[in-house]
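Engineer: Here it is, the structure in full.
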Amino acid sequence: MKKLFLFIISCIIYHFAQAQTTDSLNYERLLRYYQSKQYVAAAEYLKGLSKDAADVKKLQQLGYANFMSGKYEDAEKDYLRANELLPGDPVTLTGLADLSGVLNQTEMANKRYLEVVKADSNNFNAYRQLAKLAPHAQHDLRKNYLIKANYLNPIDAEVAAELADTYFKETQFIKANELLSTALAADSTNLVTIGAKIPVSMALKKYNEALQYGKKLLKIYKSPPESLLFQMAMCYREIKDHKNAVEFFKQAINEGISPKTASYYGLLGESYESMKQNKEAIESYKRGLLFENNGSLYYNLALLYEDKLNDKKNAIGYYTQYLSSIKNPEKQKRHIAFIKNKIEELKR
C-alpha cells in the first residue's frame with residue numbers, strides 16, 4: 001500500500017506541474033490530506049468542488065480518496081466514469097487494476113494491468129503487479145514481467161530480490177549477484193536485498209561477504225530466523241571457523257524447524273569432528289537420530305567409532321543400522337556389498 005501511495009503522489013505532482021484545472025483544484029491541499037492519511041476529508045473536499053462531472057482529474061483523485069477510505073464501490077464508479085471520459089488513461093487504468101487486486105479479483109486485475117502496459121509500456125508498477133499475479137506454473141511469463149520491471153527500476157528492492165531468486169533457482173548466480181549489487185548500491189540497508197544477497201554470495205563461494213551481510217541482519221533481528229542462523233553456520237564451516245560454526249548450528253537447532261533438525265545435528269557433529277571433539281560429535285549425531293531415522297547419521301557414527309575410536313562393536317552396530325535405513329537397496333547394491341564386507345572385516 002505504501003508503494004501504491006507513493007505512485008499516486010507522483011501522479012498528482014505530474015498533473016500539478018502540467019495541468020491547469022477548470023475547478024481550481026488545490027493540489028497542495030490535496031497532497032496534505034494524503035500525507036496525513038485523511039482520505040475521507042480529501043474525498044469530501046473533492047466533492048465540494050464544482051459539480052462538473054467531466055473533470056477527469058478530479059474523478060481520478062476522488063477515486064483514489066474513496067479507494068483509500070475503503071469505499072471501493074464508490075471508487076470504482078469514479079474510475080469507470082473517468083475512463084469513459086478519457087479512455088485508456090494510465091492513471092485511471094492503474095486505479096481500476098489496484099482496486100481489482102484489493103478485491104481479490106485476480107483475473108480482472110491481470111486484465112486491467114495488461115491494459116495499463118498497453119497504454120504505457122514503461123509503467124513499472126503494472127509490470128511489478130503482473131509478476132505478482134502470474135501463476136507459479138507460468139514461470140517464464142512471471143520472469144519476463146520481473147525482467148521488464150527491473151529494467152525500468154533496477155533499484156527497487158522487492159523486484160530485484162524476486163528476480164534474483166528466480167535466477168538463483170536457475171543456478172545463474174552471477175546474474176542474481178549483479179541485480180542485487182545494483183539494488184544494494186542504491187540502498188545498502190534494505191533488509192530484503194541483504195537477505196537475498198546471502199545465499200547468492202554463498203553460491204559464489206564468497207563466504208566472508210555472506211557473513212558480513214549476515215552480521216548486518218543479526219544486529220537488527222531480536223530473534224534471528226533459523227534460516228539466517230543456518231547460513232551463518234554454513235559460512236563459518238566453509239572457512240574452517242568450526243568454533244563459530246558450532247555456535248550457530250546450536251542456535252539454528254534451538255530455533256528448530258523439525259524437518260531439518262536431524263541434518264543440523266549431523267552438520268554440528270561434523271563440525272565437532274573437525275575439531276577432534278569426538279564425544280560431542282557422537283552426542284550430536286545421536287540427538288539427530290531422535291528426530292529422524294537418518295541413514296547418514298548412522299553412517300557417520302559408524303565411521304567415527306571405526307576410524308577414530310577403534311570401537312569395532314559400536315561400528316558394526318551402526319553400520320548394521322545404516323544398512324537397515326537404506327530405502328532403495330536395488331539402486332545401491334555395490335555400496336551395500338561394500339558395507340557388508342566392512343562389517344565382516346570388523347568381526348574378525
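Every chain in the C-alpha cells takes a letter, A first, then B, and so on in the order presented; its residues are numbered from 1, and the ligands are numbered from 1 following the presented order.
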Run DSSP on the backbone and give me the residues of segment 17-194 of chain A it puts in alpha helix (DSSP H), as a count of residues only.
Structural biologist: 129
Engineer: Given the choices A:Leu146, A:Cys235, A:Ala157, A:Ile282, which gets closest to Ser201 of chain A if the distance is worked out from only C-alpha atoms?
Structural biologist: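 Checking each of A:Leu146, A:Cys235, A:Ala157, A:Ile282 against Ser201 of chain A, counting only C-alpha atoms, the winner is A:Cys235.
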Engineer: Within 9 Å of Tyr39 of chain A, counting only C-alpha atoms, which residues qualify if same-chain residues fewer than 6 places away don't, as a list in words?
Structural biologist: Tyr33, Tyr64, Ala65, Asn66, Phe67, Met68 and Ser69 of chain A
Engineer: If you count only C-alpha atoms, which residues fall within 12 Å of His139 of chain A, apart from same-chain ones fewer than 5 positions away, as a ChimeraX atom specification?
Structural biologist: /A:131-134,144-146,163,166-167,169-170
Engineer: What is the atom CA of Lys58 of chain A-atom CA of Ser36 of chain A distance in Å, reported with one decimal?
Structural biologist: 19.5 Å
Engineer: Within 10 Å of Glu273 of chain A, counting only C-alpha atoms, which residues show up once you throw out same-chain ones fewer than 6 positions away? Write them as JSON, numbers by chain, please.
Structural biologist: {"A": [242, 267, 279, 280, 281, 282, 304, 308]}
Engineer: Could you save the residues just selected, with N, CA and C atoms, as a CSV table (one decimal), in the first residue's frame?
Structural biologist:
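Output (out.csv):
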chain,number,residue,atom,x,y,z
A,242,HIS,N,35.4,-23.5,12.8
A,242,HIS,CA,34.5,-24.5,13.3
A,242,HIS,C,33.9,-24.1,14.7
A,267,LEU,N,25.4,-31.9,10.7
A,267,LEU,CA,26.4,-30.9,10.4
A,267,LEU,C,27.2,-30.4,11.7
A,279,LYS,N,33.6,-36.9,21.4
A,279,LYS,CA,32.5,-37.2,22.3
A,279,LYS,C,31.3,-36.3,22.0
A,280,GLU,N,31.6,-35.0,21.7
A,280,GLU,CA,30.5,-34.1,21.3
A,280,GLU,C,29.9,-34.4,20.0
A,281,ALA,N,30.7,-34.9,19.1
A,281,ALA,CA,30.2,-35.3,17.8
A,281,ALA,C,29.3,-36.5,17.9
A,282,ILE,N,29.6,-37.5,18.7
A,282,ILE,CA,28.7,-38.6,18.9
A,282,ILE,C,27.4,-38.2,19.5
A,304,LEU,N,33.0,-42.9,12.7
A,304,LEU,CA,33.7,-42.3,13.8
A,304,LEU,C,34.2,-43.4,14.8
A,308,LYS,N,38.2,-43.4,14.4
A,308,LYS,CA,38.8,-42.5,15.4
A,308,LYS,C,38.8,-43.1,16.8
Engineer: When you draw a straight line from atom CA of Tyr207 of chain A to atom CA of Tyr236 of chain A, how long is it in Å?
Structural biologist: 7.7 Å
Engineer: I need the residue nearest Val102 of chain A from this list: A:Val159, A:Ile174, A:Glu76, A:Ile253. Use only C-alpha atoms for the distance.
Structural biologist: A:Glu76
Engineer: Quick one: residues within 9 Å of Arg287 of chain A, only C-alpha atoms counted, chain neighbours fewer than 4 positions away excluded, as an MDAnalysis selection string?
Structural biologist: chainID A and resid 262 265:266 282:283 291
Engineer: So that I can check the surroundings of segment 85-89 of chain A, please list as a PDB file with N, CA and C atoms, in the first residue's frame every protein, DNA and RNA residue that reaches within 8 Å of it, counting only C-alpha atoms and ignoring chain neighbours fewer than 2 positions away.
Structural biologist:
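For reference, selection_16.pdb as written:
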ATOM      1  N   ALA A  54     -17.341  16.147 -15.804  1.00  0.00           N
ATOM      2  CA  ALA A  54     -16.440  15.867 -16.915  1.00  0.00           C
ATOM      3  C   ALA A  54     -14.985  16.118 -16.560  1.00  0.00           C
ATOM      4  N   VAL A  56     -11.876  14.909 -15.502  1.00  0.00           N
ATOM      5  CA  VAL A  56     -11.246  13.586 -15.344  1.00  0.00           C
ATOM      6  C   VAL A  56     -10.292  13.555 -14.161  1.00  0.00           C
ATOM      7  N   ARG A  81     -16.130   6.184 -14.552  1.00  0.00           N
ATOM      8  CA  ARG A  81     -16.601   7.423 -15.182  1.00  0.00           C
ATOM      9  C   ARG A  81     -15.430   8.168 -15.827  1.00  0.00           C
ATOM     10  N   ALA A  82     -14.291   8.197 -15.129  1.00  0.00           N
ATOM     11  CA  ALA A  82     -13.105   8.849 -15.685  1.00  0.00           C
ATOM     12  C   ALA A  82     -12.654   8.136 -16.943  1.00  0.00           C
ATOM     13  N   ASN A  83     -12.758   6.808 -16.954  1.00  0.00           N
ATOM     14  CA  ASN A  83     -12.333   6.038 -18.126  1.00  0.00           C
ATOM     15  C   ASN A  83     -13.260   6.240 -19.307  1.00  0.00           C
ATOM     16  N   VAL A  91      -3.390   6.451 -15.490  1.00  0.00           N
ATOM     17  CA  VAL A  91      -3.706   6.701 -14.083  1.00  0.00           C
ATOM     18  C   VAL A  91      -5.043   6.054 -13.719  1.00  0.00           C
ATOM     19  N   THR A  92      -6.029   6.223 -14.574  1.00  0.00           N
ATOM     20  CA  THR A  92      -7.350   5.627 -14.329  1.00  0.00           C
ATOM     21  C   THR A  92      -7.278   4.114 -14.367  1.00  0.00           C
ATOM     22  N   LEU A  93      -6.597   3.575 -15.377  1.00  0.00           N
ATOM     23  CA  LEU A  93      -6.482   2.128 -15.510  1.00  0.00           C
ATOM     24  C   LEU A  93      -5.750   1.512 -14.325  1.00  0.00           C
ATOM     25  N   GLU A 115      -3.940  -3.762 -19.659  1.00  0.00           N
ATOM     26  CA  GLU A 115      -4.418  -2.540 -20.331  1.00  0.00           C
ATOM     27  C   GLU A 115      -3.508  -1.359 -19.987  1.00  0.00           C
ATOM     28  N   VAL A 116      -3.000  -1.351 -18.741  1.00  0.00           N
ATOM     29  CA  VAL A 116      -2.092  -0.268 -18.334  1.00  0.00           C
ATOM     30  C   VAL A 116      -0.827  -0.300 -19.174  1.00  0.00           C
ATOM     31  N   ALA A 119      -1.267   0.896 -22.627  1.00  0.00           N
ATOM     32  CA  ALA A 119      -1.337   2.359 -22.714  1.00  0.00           C
ATOM     33  C   ALA A 119      -0.003   3.019 -22.375  1.00  0.00           C
TER      34      ALA A 119
END
Engineer: Distance atom CA of Val246 of chain A-atom CA of Ala196 of chain A, one decimal place?
Structural biologist: 23.7 Å
